[in-house]
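Written out below as structure tokens is the structure these notes cover.
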Amino acid sequence: MLSDYRRIFSPAGSVLFSTAGFVSRLPQSMIGVGIVTMLSQLGREYWLAGSISAAQTLAAAAIGPQISRLVDRHGQRRVVLPTTAVTVAAICALLLCTRHAAPDWTLYVSAAAAGCMPSMGALVRSRWSELHRESPRLLHTAYALESVLDEVVYVIGPILAITLSTGGSAEAGPLTAAVLLAVGVLLFAAQRRTEPPVRPMPQRAGGWALRIPGLGLLVLTVTSVGASFGSVEVVTVAFTEAHYDKALSGVLLGVYAFGSGLAGAVFGAIRPRGAITRSLLVSVWVMAVTVVPLLFVSGLAALAGMLFVAGMAIAPILITTMGLVGRLAPASRLTESITWIVSGLSVGVALGYATSGWVVDTAGASAGYQVSCAAALLAASTISLALPRLTRAEAQ
């Protein structure tokens, strides 16, 4: 089964675009925490830093699908180069405004403009879809690989941003993110051999890709999924600060990500069987069940074990969701469709951060895991109710 991971790289250029995609995705996990760290290091209030970071995240969630829609219409290279230039310029403007104590509104505007960052995860998956369109098994493995790399990105990126901004100049984290984005996108755009061709839109394909049957239901589901594991991150930090040492939260969240990455690697090596909609239903319900023990956590060792088990449900959900999107969306709208999933996930994470933070402040750290359970149950209920429609949409 592991030979499938070698086989997905058999097409020429696949290693290069996947590597460049990994580099260009690192900034997505660096910029938010980099903004918070930079502003706090310069003595600004945490509420200001958090709200500016949220402005960038929400702007990216709103703008990302529009950028990907342009990619589907005009090609990856023609769109990602100018949008990346805007993003890099916006990050530099944010750094200058911060350094020279410009009015707060300039920080919000710059952060929102940085939301023009292209959804590199969607672009990479579009290339894999083009290369392995005739082999669902290899495409499943390729999507699994990208989910594992996403976990690596979200482990390495925040650590890198925080270390740079606290160990050197406060602006070092966001500045490095801008450099990595520019270098990664330039390398990615240079891989012309694997760039998907622009396909003509169907005559009745006007409007957003959300109008594709079943896609909106998937976005609602992953928004709840994102809220669940976003709240797990916040509550875990609060729990370790209240009971042990805040520095241990990084280790625990690493265990959470490791569980997801390991499950994703194994899941990708298994030949997919049965209806993909059924696999998604099972994966989401597994997540809902595995977060319940967090309500009863009392010690650090137990928490580590529970987080590892809970994390193992995440990657299979994302892999299966991306696979289902590939079946629901026509090739001419695939990039935008994938980006809507990414945006829904991002919005969910932001909602999970905000809601769990309020619960922690109000009722204590342990109570925050109630948000994780409620969001997971909402995701499971949504996919259960949506299953008949998703099955019909897949069969069309």
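Please note that chains go A, B, ... in the order of the structure tokens, that every chain numbers its residues from 1, and that ligands are numbered from 1 in the order shown.
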So that I can see what lies close to segment 354-363 of chain A, please list as a list of chain:residue names the residues with an atom at most 9 Å from it, counting only C-alpha atoms and leaving out residues fewer than 6 positions away in the same chain.
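Listed by chain and then number, they are A:Ala227, A:Gly230, A:Ser231, A:Val232, A:Val234, A:Val235, A:Ala238, A:Tyr369, A:Gln370, A:Val371, A:Ser372.
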Which residues come within 7 Å of segment 153-166 of chain A, counting only C-alpha atoms, excluding same-chain residues fewer than 2 positions away, as a list in words?
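Near neighbours after the sequence-gap exclusion: Leu26, Pro27, Ser29, Met30, Val33, Gly34, Thr37, Met38, Leu149, Asp150, Glu151, Gly168, Ser169, Ala170, Glu171, Ala172, Gly173, Pro174 and Gly254 of chain A.
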For Gly261 of chain A, which residue among A:Val152, A:Leu180, A:Ala102, A:Ala59 is the nearest when counting only C-alpha atoms?
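When distances to Gly261 of chain A are compared using only C-alpha atoms, the smallest one comes from A:Val152.
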Choose the residue, out of A:Gly259, A:Gly274, A:Gly216, A:Pro65, that has the smallest atom-to-atom separation from Leu334 of chain A; count only C-alpha atoms.
A:Pro65
Pull the closest atom pair for each residue of segment 205-295 of chain A that gets at most 8 Å from segment 1-25 of chain A, along with the distance in Å to one decimal, counting only C-alpha atoms, ordering rows by chain and then ascending residue number, as a tab-separated table.
residue	atom	partner	partner_atom	distance
A:Ala269	CA	A:Met1	CA	5.2
A:Ile270	CA	A:Met1	CA	6.4
A:Arg271	CA	A:Met1	CA	7.6
Could you dump the residues just selected with N, CA and C atoms as a PDB file, in the first residue's frame?
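As written to disk, result35.pdb reads:
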ATOM      1  N   ALA A 269      -2.827   5.363   2.624  1.00  0.00           N
ATOM      2  CA  ALA A 269      -2.242   4.130   2.115  1.00  0.00           C
ATOM      3  C   ALA A 269      -3.257   3.013   1.966  1.00  0.00           C
ATOM      4  N   ILE A 270      -4.473   3.245   2.457  1.00  0.00           N
ATOM      5  CA  ILE A 270      -5.519   2.226   2.382  1.00  0.00           C
ATOM      6  C   ILE A 270      -6.358   2.447   1.121  1.00  0.00           C
ATOM      7  N   ARG A 271      -6.606   1.359   0.401  1.00  0.00           N
ATOM      8  CA  ARG A 271      -7.439   1.460  -0.792  1.00  0.00           C
ATOM      9  C   ARG A 271      -8.856   1.905  -0.399  1.00  0.00           C
TER      10      ARG A 271
END
Name the residues in contact with segment 239-253 of chain A at a cut-off of 9 Å, using only C-alpha atoms, excluding same-chain residues fewer than 2 positions from it; report them as a ChimeraX atom specification.
/A:155,159,232-237,255-258,299-300,303-304,307-308,364-366,368
Based on the selection just made, write N, CA and C atoms of those residues as a tab-separated table (two decimals), in the first residue's frame.
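File produced: part-v2.tsv:
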chain	number	residue	atom	x	y	z
A	155	VAL	N	2.21	22.90	12.38
A	155	VAL	CA	3.08	22.67	13.54
A	155	VAL	C	4.32	23.55	13.44
A	159	ILE	N	5.53	27.92	15.32
A	159	ILE	CA	6.77	27.87	16.10
A	159	ILE	C	7.82	28.77	15.47
A	232	VAL	N	-10.43	23.32	20.57
A	232	VAL	CA	-9.50	22.42	21.27
A	232	VAL	C	-8.16	23.12	21.49
A	233	GLU	N	-7.68	23.84	20.49
A	233	GLU	CA	-6.39	24.52	20.60
A	233	GLU	C	-6.42	25.57	21.71
A	234	VAL	N	-7.44	26.40	21.70
A	234	VAL	CA	-7.52	27.48	22.69
A	234	VAL	C	-7.67	26.91	24.10
A	235	VAL	N	-8.57	25.95	24.26
A	235	VAL	CA	-8.84	25.40	25.60
A	235	VAL	C	-7.63	24.65	26.13
A	236	THR	N	-6.90	23.98	25.26
A	236	THR	CA	-5.70	23.26	25.70
A	236	THR	C	-4.66	24.23	26.25
A	237	VAL	N	-4.49	25.37	25.58
A	237	VAL	CA	-3.57	26.39	26.08
A	237	VAL	C	-4.02	26.88	27.45
A	255	VAL	N	1.08	16.88	19.85
A	255	VAL	CA	0.53	15.51	19.93
A	255	VAL	C	-0.79	15.43	19.17
A	256	TYR	N	-1.61	16.44	19.32
A	256	TYR	CA	-2.90	16.53	18.61
A	256	TYR	C	-2.67	16.49	17.09
A	257	ALA	N	-1.73	17.30	16.61
A	257	ALA	CA	-1.42	17.34	15.18
A	257	ALA	C	-0.78	16.03	14.72
A	258	PHE	N	0.06	15.44	15.57
A	258	PHE	CA	0.71	14.18	15.21
A	258	PHE	C	-0.33	13.08	15.03
A	299	GLY	N	-5.76	15.25	34.14
A	299	GLY	CA	-4.31	15.27	34.25
A	299	GLY	C	-3.65	15.43	32.90
A	300	LEU	N	-2.37	15.77	32.91
A	300	LEU	CA	-1.63	16.06	31.69
A	300	LEU	C	-1.46	14.81	30.83
A	303	LEU	N	-4.69	13.93	29.20
A	303	LEU	CA	-5.01	14.90	28.16
A	303	LEU	C	-4.22	14.60	26.89
A	304	ALA	N	-2.93	14.27	27.03
A	304	ALA	CA	-2.11	13.96	25.86
A	304	ALA	C	-2.69	12.78	25.10
A	307	LEU	N	-5.98	13.82	23.36
A	307	LEU	CA	-5.75	14.67	22.19
A	307	LEU	C	-5.21	13.86	21.02
A	308	PHE	N	-4.36	12.89	21.29
A	308	PHE	CA	-3.82	12.05	20.21
A	308	PHE	C	-4.96	11.30	19.52
A	364	GLY	N	-14.24	28.77	33.16
A	364	GLY	CA	-13.03	28.03	33.47
A	364	GLY	C	-12.52	27.21	32.30
A	365	ALA	N	-11.25	26.78	32.41
A	365	ALA	CA	-10.58	26.12	31.30
A	365	ALA	C	-11.25	24.82	30.88
A	366	SER	N	-11.54	23.95	31.84
A	366	SER	CA	-12.10	22.64	31.50
A	366	SER	C	-13.44	22.76	30.79
A	368	GLY	N	-14.30	24.79	28.64
A	368	GLY	CA	-14.13	25.16	27.24
A	368	GLY	C	-14.26	23.99	26.28
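Computed from the coordinates, the atom CA of Arg69 of chain A to atom CA of Ala189 of chain A distance equals 17.1 Å.
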Backbone DSSP call of alpha helix (DSSP H) for segment 151-369 of chain A, listed as number ranges by chain:
A: 151-167, 172-189, 215-243, 248-269, 276-290, 300-311, 314-328, 334-363, 369
At a cut-off of 9 Å, using only C-alpha atoms, what residues contact Glu336 of chain A? Leave out same-chain residues fewer than 6 positions from it and give the result as a PyMOL selection string.
chain A and resi 64-72+122+208-209
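As for atom CA of Cys92 of chain A and atom CA of Ala61 of chain A, they are spaced 20.6 Å apart.
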Show me, as a list in words, the residues that have an atom within 9 Å of Leu138 of chain A when counting only C-alpha atoms, minus same-chain residues fewer than 2 positions from it.
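So the residues in contact are Asp4, Tyr5, Arg7, Ile8, His132, Arg133, Glu134, Ser135, Pro136, His140, Thr141, Ala142, Tyr143 and Gly268 of chain A.
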Store the residues picked out above in a file with N, CA, C and O atoms, as a compact mmCIF listing (two decimals), in the first residue's frame.
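Final output, saved to part-v9.txt:
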# COMPACT_ATOMS: atom_id res chain seq x y z
N ASP A 4 1.90 3.35 -3.12
CA ASP A 4 1.09 4.39 -3.74
C ASP A 4 1.70 5.77 -3.53
O ASP A 4 1.56 6.66 -4.38
N TYR A 5 2.35 5.97 -2.39
CA TYR A 5 2.99 7.27 -2.14
C TYR A 5 4.14 7.50 -3.12
O TYR A 5 4.41 8.65 -3.48
N ARG A 7 4.14 6.13 -6.21
CA ARG A 7 3.52 6.20 -7.53
C ARG A 7 2.92 7.57 -7.81
O ARG A 7 2.87 8.00 -8.98
N ILE A 8 2.45 8.28 -6.80
CA ILE A 8 1.84 9.58 -7.08
C ILE A 8 2.87 10.58 -7.61
O ILE A 8 2.51 11.55 -8.29
N HIS A 132 -3.87 12.85 -11.66
CA HIS A 132 -4.38 11.52 -11.33
C HIS A 132 -5.90 11.43 -11.48
O HIS A 132 -6.55 10.68 -10.76
N ARG A 133 -6.43 12.19 -12.43
CA ARG A 133 -7.87 12.20 -12.65
C ARG A 133 -8.41 10.80 -13.00
O ARG A 133 -9.54 10.45 -12.64
N GLU A 134 -7.60 10.00 -13.69
CA GLU A 134 -8.05 8.68 -14.11
C GLU A 134 -7.78 7.60 -13.07
O GLU A 134 -8.06 6.43 -13.32
N SER A 135 -7.17 7.96 -11.94
CA SER A 135 -6.86 6.97 -10.91
C SER A 135 -7.34 7.47 -9.55
O SER A 135 -6.60 8.15 -8.82
N PRO A 136 -8.59 7.18 -9.18
CA PRO A 136 -9.11 7.63 -7.88
C PRO A 136 -8.26 7.16 -6.71
O PRO A 136 -8.15 7.87 -5.71
N HIS A 140 -6.66 9.78 -4.13
CA HIS A 140 -6.92 9.64 -2.69
C HIS A 140 -5.62 9.72 -1.89
O HIS A 140 -5.54 10.43 -0.87
N THR A 141 -4.59 9.05 -2.37
CA THR A 141 -3.29 9.06 -1.69
C THR A 141 -2.66 10.45 -1.76
O THR A 141 -2.06 10.93 -0.78
N ALA A 142 -2.78 11.11 -2.90
CA ALA A 142 -2.22 12.46 -3.05
C ALA A 142 -2.90 13.44 -2.10
O ALA A 142 -2.24 14.27 -1.46
N TYR A 143 -4.22 13.34 -1.99
CA TYR A 143 -4.94 14.21 -1.06
C TYR A 143 -4.53 13.91 0.39
O TYR A 143 -4.45 14.82 1.24
N GLY A 268 -4.32 7.34 3.82
CA GLY A 268 -3.96 7.51 2.42
C GLY A 268 -3.38 6.25 1.80
O GLY A 268 -3.41 6.08 0.58
What is the atom CA of Leu328 of chain A to atom CA of Gly344 of chain A distance in Å?
16.8 Å
Skip Ala55 of chain A itself and residues of its chain fewer than 4 positions away, then list as a PyMOL selection string all residues within 7 Å of it, counting only C-alpha atoms.
chain A and resi 51+59+108+111-112
Could you tell me which of A:Ile338, A:Leu175, A:Leu262, A:Ala329 comes closest to Ile212 of chain A if we count only C-alpha atoms?
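The shortest atom-to-atom distance to Ile212 of chain A comes from A:Ala329.
Of the residues listed (A:Val219, A:Leu280, A:Leu145, A:Ile317), A:Leu280 shows the shortest atom-to-atom separation from Thr391 of chain A; distances use only C-alpha atoms.
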